[in-house]
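Worksheet for the structure shown next.
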Amino acid sequence: MTATATPRLSGLPDSPADLRTFLHGLPGVDKVGIEARAAALGTRSIKTTSKAQAIDLAIRMVDLTTLEGADTPGKVRALSAKALRPDPADPTCPSVAAVCVYPAMVPTAAAVLAGSGVHLASVATAFPSGQAPLDVKLADTRDAVAGGADEIDMVISRGAFLAGDYGHVFDEIVAVKEAAGPAHLKVILETGELGTYDNVRRASWLAMLAGADFIKTSTGKVSVNATLPITLVMLEAVRDFRERYGRQIGVKPAGGIRTTKDAIKYLVMINETVGDDWLSPDWFRFGASSLLNDLLMQRTKLTTGHYAGPDYFTLD
Amino acid sequence: MPKSPKAAAAVAERSRLAVRKTYKLYVGGKFPRSESGRTYLVDGDNVALASRKDARDAVLAARAAQPKWAGATAYNRGQVLYRIAEMLEARRSEFVALGVGAAEVDAAIDRWVWYAGWSDKIAQVAGNANPVAGPYFNISSPEPTGVVGVVAPGSLLGLVSVIAPAIVTGNTVVVVASTPQAAITLGEVLATSDVPGGVVNILTGKAAEIAPWLASHDDVNAIDLSGVGDAELATELERAAAGTLKRVVRPAPGADYTTDPGTGPMIELLEIKTVWHPKGF
């Protein structure tokens, strides 16, 4: 994933009023339709060699995450080591896409991951609430980048968004993007707090217009996290955005994706809606922690021919 | 023509169309159909034919239930087992109607009571305070093995005689039953007896199809081959179980379940933990 400076998009809304007109001019989301579509795509059966490929792809797409108050340097080192070699018993098992930690843990993880090709993502901007002054958020971001993070997961100010202050959210994303410099910017919409699919679509466009490289569903800290229909709304947004502005944006569902079956549903949905351009760790990620062990167990089941158990994988 | 006594009785009445039961699986405290959608006929009744994926789901349910069941007090587990006996007593006639002899149903009820009594006593029999040369308490205490796959023998008493000794100490079980109607009716008894969902999971179908998946499963800690008649299958299962160092229970063929089982069946599914603790001054 190479970070490129975002060119000023032509046809971008000029003023906050224009932005508002633009976002509210987006077509509404057909709630029943999008849920039915996501549910229908979730029924596909993926077996044998296709399943093996899907599992390896899903492992390569995992942002292995630990975002707990109780994170210790030891835990972060262990997790980073696991990111490099998820299944030490099987050298053919691919590495995950990235490790995702709090800014304070970035140097610890960077020491393990340096030069490995596994990215290092850091949440920033007063994650998870985003309720802090802008200069604190920018300092948070700069610290993370200085510590070695090459991906920044920022949260938007949902309060400002829900109050209709789109210009404020837009400017914040632009400022964080600038502070993040060469690092890739993932913008967390926290869809569970946005309330409606229409808001998810608006927030997606807002983030993309402001220069996001990725849009991410959730922090994993609220009760409603990534769901198939919400991710579908976001996938449609990145597809339409690319059609309009010629710039491809990635999507990262996070939180609540725990099983291989869930992960494969997402892969099927990508392939069937936005196409296989997004079927790559550069353009799609899973923000997850327990998902990886389930993927490894399913992978082991396919290679050994018998069911695997959690006793044979790390606790993390 | 319906062959089961119940269905035949309903036909004989001719007053109304009998509501016939499909015997489904008992997994995680619920009665799901087989994920494969398959059924087979046993004495005129439709019975779910479990697949390897049902076994997988059952192991997940058993694993999820195991820590809490093992963590319950022995007294509490004993109460639950006694409750099973009470509920079984209330449904005696149902088992008799399924063709299980009245004496066998009684023996099965008594067996639950017998094992219920053992729940808070087995530790005294299987455990010990060991005399050691040093200023230490040295205590061996039994702990449940974990998730046990059971190929059950073909009688109600046999079925109870393999489930009860496993669960009384805190194991959870995935049972492959060869007497489907009686086994699932027993499942209905368990479901109404305060047995937490997932502690006992009952699959109906072919042992030769399901048992190898249990024997090779990394997350199954022991396998009881009491109901495997085919010596070749038993050997194959033992070999598969060796891959994960499972504890294997394989009694001599032709076991008589009417006699006193002794503590053996319980102790076989226990692991002994020995603790050294310095004595105070």
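In the structure tokens, chains take letters A, B, ... by order of appearance, with residues numbered from 1 within each chain and ligands from 1 in the order shown.
Residues in contact with Pro253 (chain B) at up to 9 Å, not including ones fewer than 6 positions away on its chain and judged by only C-alpha atoms, are Ser226, Gly227, Val228 and Gly229 of chain B.
The neighbours of region 266-279 of chain A here are the residues that come within 7 Å of it, using only C-alpha atoms and leaving out any residue fewer than 4 positions away in the same chain; they are Leu41, Leu228, Leu235, Glu236, Arg239, Asp262, Trp283 and Phe284 of chain A.
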Can I get the selected residues back with C-alpha atoms, as a compact mmCIF listing (two decimals), in the first residue's frame?
```
# COMPACT_ATOMS: atom_id res chain seq x y z
CA LEU A 41 -25.08 -12.88 -0.50
CA LEU A 228 -22.86 -6.94 6.29
CA LEU A 235 -18.69 -0.64 -0.57
CA GLU A 236 -21.26 0.98 -2.83
CA ARG A 239 -17.46 2.09 -5.94
CA ASP A 262 -18.43 -14.33 8.60
CA TRP A 283 -8.19 -2.32 -0.46
CA PHE A 284 -9.99 -4.38 2.11
```
Spatial neighbours of Ser178 (chain B), max dist 8 Å, only C-alpha atoms, sep filter under 2 positions, as a PyMOL selection string: chain B and resi 152-154+176+180+183+204-207
Taking the backbone alone, and naming residues the way the document does, which bits of region 77-243 of chain B are alpha helix (DSSP H) by DSSP, as a PyMOL selection string? chain B and resi 77-90+92-97+102-118+122-126+156-167+180-191+207-216+231-242
Distance cut-off 7 Å, counting only C-alpha atoms - which residues of chain B neighbour chain A? Return them as a ChimeraX atom specification. /B:213,216-219
So which residues touch Gln79 (chain B) within 12 Å, counting only C-alpha atoms, skipping near sequence neighbours fewer than 6 positions away, as a PyMOL selection string? chain B and resi 72-73+85-86+112-120+168+193-195
Take the selection from the previous step and output its residues with N, CA and C atoms, as a short mmCIF file (atom, residue, chain, number, x, y, z; two decimals), in the first residue's frame.
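Here's the written file selection-v3.cif:
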```cif
data_model
loop_
_atom_site.label_atom_id
_atom_site.label_comp_id
_atom_site.auth_asym_id
_atom_site.auth_seq_id
_atom_site.Cartn_x
_atom_site.Cartn_y
_atom_site.Cartn_z
N ALA B 72 -19.31 -25.64 38.61
CA ALA B 72 -20.43 -25.74 39.55
C ALA B 72 -19.99 -26.59 40.72
N THR B 73 -20.59 -26.38 41.88
CA THR B 73 -20.18 -27.19 43.02
C THR B 73 -20.64 -28.62 42.80
N ALA B 85 -33.32 -37.79 37.48
CA ALA B 85 -34.04 -38.99 37.91
C ALA B 85 -35.51 -38.67 38.14
N GLU B 86 -35.78 -37.54 38.78
CA GLU B 86 -37.17 -37.15 39.03
C GLU B 86 -37.95 -37.00 37.74
N TRP B 112 -29.26 -42.88 37.75
CA TRP B 112 -29.05 -41.42 37.91
C TRP B 112 -28.92 -41.07 39.38
N VAL B 113 -29.79 -41.65 40.20
CA VAL B 113 -29.75 -41.35 41.63
C VAL B 113 -28.41 -41.80 42.21
N TRP B 114 -28.00 -43.00 41.78
CA TRP B 114 -26.74 -43.56 42.29
C TRP B 114 -25.56 -42.64 41.96
N TYR B 115 -25.51 -42.18 40.70
CA TYR B 115 -24.41 -41.29 40.30
C TYR B 115 -24.54 -39.92 40.95
N ALA B 116 -25.80 -39.47 41.15
CA ALA B 116 -26.01 -38.17 41.81
C ALA B 116 -25.34 -38.17 43.17
N GLY B 117 -25.45 -39.29 43.86
CA GLY B 117 -24.84 -39.40 45.19
C GLY B 117 -23.33 -39.34 45.13
N TRP B 118 -22.74 -39.78 44.03
CA TRP B 118 -21.28 -39.81 43.92
C TRP B 118 -20.66 -38.43 43.70
N SER B 119 -21.47 -37.45 43.26
CA SER B 119 -20.87 -36.20 42.78
C SER B 119 -19.96 -35.57 43.82
N ASP B 120 -20.37 -35.55 45.10
CA ASP B 120 -19.51 -34.90 46.10
C ASP B 120 -18.70 -35.91 46.91
N VAL B 168 -21.16 -36.43 35.76
CA VAL B 168 -21.26 -36.18 37.21
C VAL B 168 -20.01 -35.48 37.75
N SER B 193 -34.48 -30.66 33.02
CA SER B 193 -33.97 -31.06 34.34
C SER B 193 -32.90 -30.15 34.89
N ASP B 194 -32.84 -28.90 34.46
CA ASP B 194 -31.80 -27.98 34.96
C ASP B 194 -30.40 -28.38 34.52
N VAL B 195 -30.29 -29.29 33.55
CA VAL B 195 -28.96 -29.58 33.01
C VAL B 195 -28.65 -28.44 32.05
#
```
As an exercise, work out the distance from CA of Thr274 (chain B) to CA of Ile139 (chain B) in Å and give it to one decimal place.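 The value is 5.4 Å.
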Show me, as a CSV table (one decimal) with C-alpha atoms, in the first residue's frame, the residues that have an atom within 12 Å of Gly198 (chain B) when counting only C-alpha atoms, minus same-chain residues fewer than 4 positions from it.
```
chain,number,residue,atom,x,y,z
B,26,TYR,CA,-30.2,-32.5,21.1
B,27,VAL,CA,-27.4,-30.0,20.8
B,28,GLY,CA,-26.6,-27.1,23.1
B,29,GLY,CA,-29.9,-27.5,24.9
B,30,LYS,CA,-31.9,-27.2,21.7
B,31,PHE,CA,-33.4,-29.7,19.4
B,57,ASP,CA,-21.4,-28.0,16.3
B,58,ALA,CA,-22.1,-30.4,19.2
B,59,VAL,CA,-18.4,-30.2,20.2
B,60,LEU,CA,-18.5,-26.4,20.2
B,61,ALA,CA,-21.6,-26.5,22.4
B,62,ALA,CA,-20.0,-29.0,24.7
B,63,ARG,CA,-16.8,-27.0,24.9
B,64,ALA,CA,-18.7,-23.8,25.6
B,65,ALA,CA,-20.6,-25.5,28.5
B,66,GLN,CA,-17.7,-27.3,30.0
B,67,PRO,CA,-16.0,-24.7,32.3
B,68,LYS,CA,-19.2,-23.6,33.9
B,69,TRP,CA,-20.4,-27.1,34.5
B,147,VAL,CA,-15.2,-32.8,26.4
B,148,VAL,CA,-15.9,-36.5,26.0
B,167,ILE,CA,-21.1,-35.6,33.5
B,171,ASN,CA,-17.2,-33.4,31.9
B,172,THR,CA,-19.5,-32.5,29.0
B,173,VAL,CA,-20.4,-35.1,26.4
B,174,VAL,CA,-21.2,-35.5,22.7
B,175,VAL,CA,-23.1,-38.8,22.4
B,187,GLY,CA,-32.7,-35.5,25.8
B,190,LEU,CA,-32.4,-33.6,30.3
B,191,ALA,CA,-33.7,-30.4,28.7
B,194,ASP,CA,-31.8,-28.0,35.0
B,202,ILE,CA,-27.1,-36.3,21.6
```
Contacts of region 17-31 of chain A within 9 Å, only C-alpha atoms, excl. fewer than 4 positions in-chain, as a PyMOL selection string: chain A and resi 12-13+35-36+164-167+196-198+201-203+205-206+229+233
Determine, counting only C-alpha atoms, which protein, DNA and RNA residues have an atom within 12 Å of an atom of Leu233 (chain B); residues of the same chain fewer than 4 positions away are not included. Present the result as number ranges by chain. B: 151, 206-212, 215, 225, 227-229, 237-240, 250
Can you work out which one of A:Arg285, A:Leu138, A:Asp14, A:Gln53 has the shortest atom-to-atom distance to Ala210 (chain A), counting only C-alpha atoms?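 For Ala210 (chain A), the nearest of the given residues is A:Asp14.
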Mind giving me the straight-line distance from CA of Leu269 (chain B) to CA of Val160 (chain B) in Å, one decimal?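 So the answer is 15.4 Å.
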To one decimal place, how far is CA of Thr108 (chain A) from CA of Arg77 (chain A) in Å?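 Computing it gives 6.6 Å between the two atoms.
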Please return, as an mmCIF file with C-alpha atoms, in the first residue's frame, all residues of region 109-278 of chain B that DSSP assigns to strand (DSSP E) on the basis of the backbone.
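Final file, result.cif:
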```cif
data_model
loop_
_atom_site.group_PDB
_atom_site.id
_atom_site.type_symbol
_atom_site.label_atom_id
_atom_site.label_comp_id
_atom_site.auth_asym_id
_atom_site.auth_seq_id
_atom_site.Cartn_x
_atom_site.Cartn_y
_atom_site.Cartn_z
ATOM 1 C CA ASN B 128 -5.668 -38.343 48.169
ATOM 2 C CA ALA B 129 -3.478 -36.515 50.633
ATOM 3 C CA ASN B 130 -0.132 -38.114 49.940
ATOM 4 C CA TYR B 136 4.707 -30.197 52.331
ATOM 5 C CA PHE B 137 1.082 -30.966 51.978
ATOM 6 C CA ASN B 138 0.867 -33.123 48.871
ATOM 7 C CA ILE B 139 -2.634 -33.368 47.530
ATOM 8 C CA SER B 140 -3.898 -35.261 44.498
ATOM 9 C CA SER B 141 -7.237 -33.966 43.364
ATOM 10 C CA PRO B 142 -9.314 -35.238 40.466
ATOM 11 C CA GLU B 143 -10.454 -32.911 37.712
ATOM 12 C CA PRO B 144 -12.769 -33.612 34.772
ATOM 13 C CA VAL B 147 -15.198 -32.825 26.438
ATOM 14 C CA VAL B 148 -15.908 -36.516 25.993
ATOM 15 C CA GLY B 149 -17.113 -38.126 22.766
ATOM 16 C CA VAL B 150 -19.293 -41.125 23.543
ATOM 17 C CA VAL B 151 -20.455 -43.882 21.242
ATOM 18 C CA THR B 172 -19.508 -32.518 28.997
ATOM 19 C CA VAL B 173 -20.401 -35.113 26.390
ATOM 20 C CA VAL B 174 -21.232 -35.523 22.720
ATOM 21 C CA VAL B 175 -23.124 -38.791 22.447
ATOM 22 C CA VAL B 176 -23.678 -40.809 19.292
ATOM 23 C CA ALA B 177 -26.785 -42.793 20.159
ATOM 24 C CA VAL B 200 -25.119 -33.386 27.132
ATOM 25 C CA ASN B 201 -25.425 -33.341 23.352
ATOM 26 C CA ILE B 202 -27.071 -36.256 21.592
ATOM 27 C CA LEU B 203 -26.591 -37.102 17.936
ATOM 28 C CA THR B 204 -28.591 -39.811 16.217
ATOM 29 C CA ALA B 222 -11.588 -38.330 25.600
ATOM 30 C CA ILE B 223 -13.602 -40.851 23.679
ATOM 31 C CA ASP B 224 -15.738 -43.646 25.074
ATOM 32 C CA ARG B 247 -8.065 -40.709 26.705
ATOM 33 C CA VAL B 248 -9.788 -43.790 25.253
ATOM 34 C CA VAL B 249 -12.359 -45.830 27.156
ATOM 35 C CA LEU B 270 -10.840 -37.825 35.495
ATOM 36 C CA GLU B 271 -7.365 -36.341 35.415
ATOM 37 C CA ILE B 272 -5.382 -36.209 38.616
ATOM 38 C CA LYS B 273 -3.753 -32.934 39.553
ATOM 39 C CA THR B 274 -1.151 -33.140 42.314
ATOM 40 C CA VAL B 275 -0.310 -30.025 44.263
ATOM 41 C CA TRP B 276 2.641 -29.474 46.601
ATOM 42 C CA HIS B 277 2.026 -26.869 49.235
ATOM 43 C CA PRO B 278 4.539 -25.870 51.923
#
```
Shortest interatomic distance to Ala70 (chain A) - which of A:Ile55, A:Leu291, A:Ala39, A:Met105, counting only C-alpha atoms: A:Met105
Would you mind telling me which residue in A:Ala149, A:Arg60, A:Pro133, A:Thr141 lies nearest to Val101 (chain A) when using only C-alpha atoms?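 Among the listed residues, A:Ala149 lies closest to Val101 (chain A).
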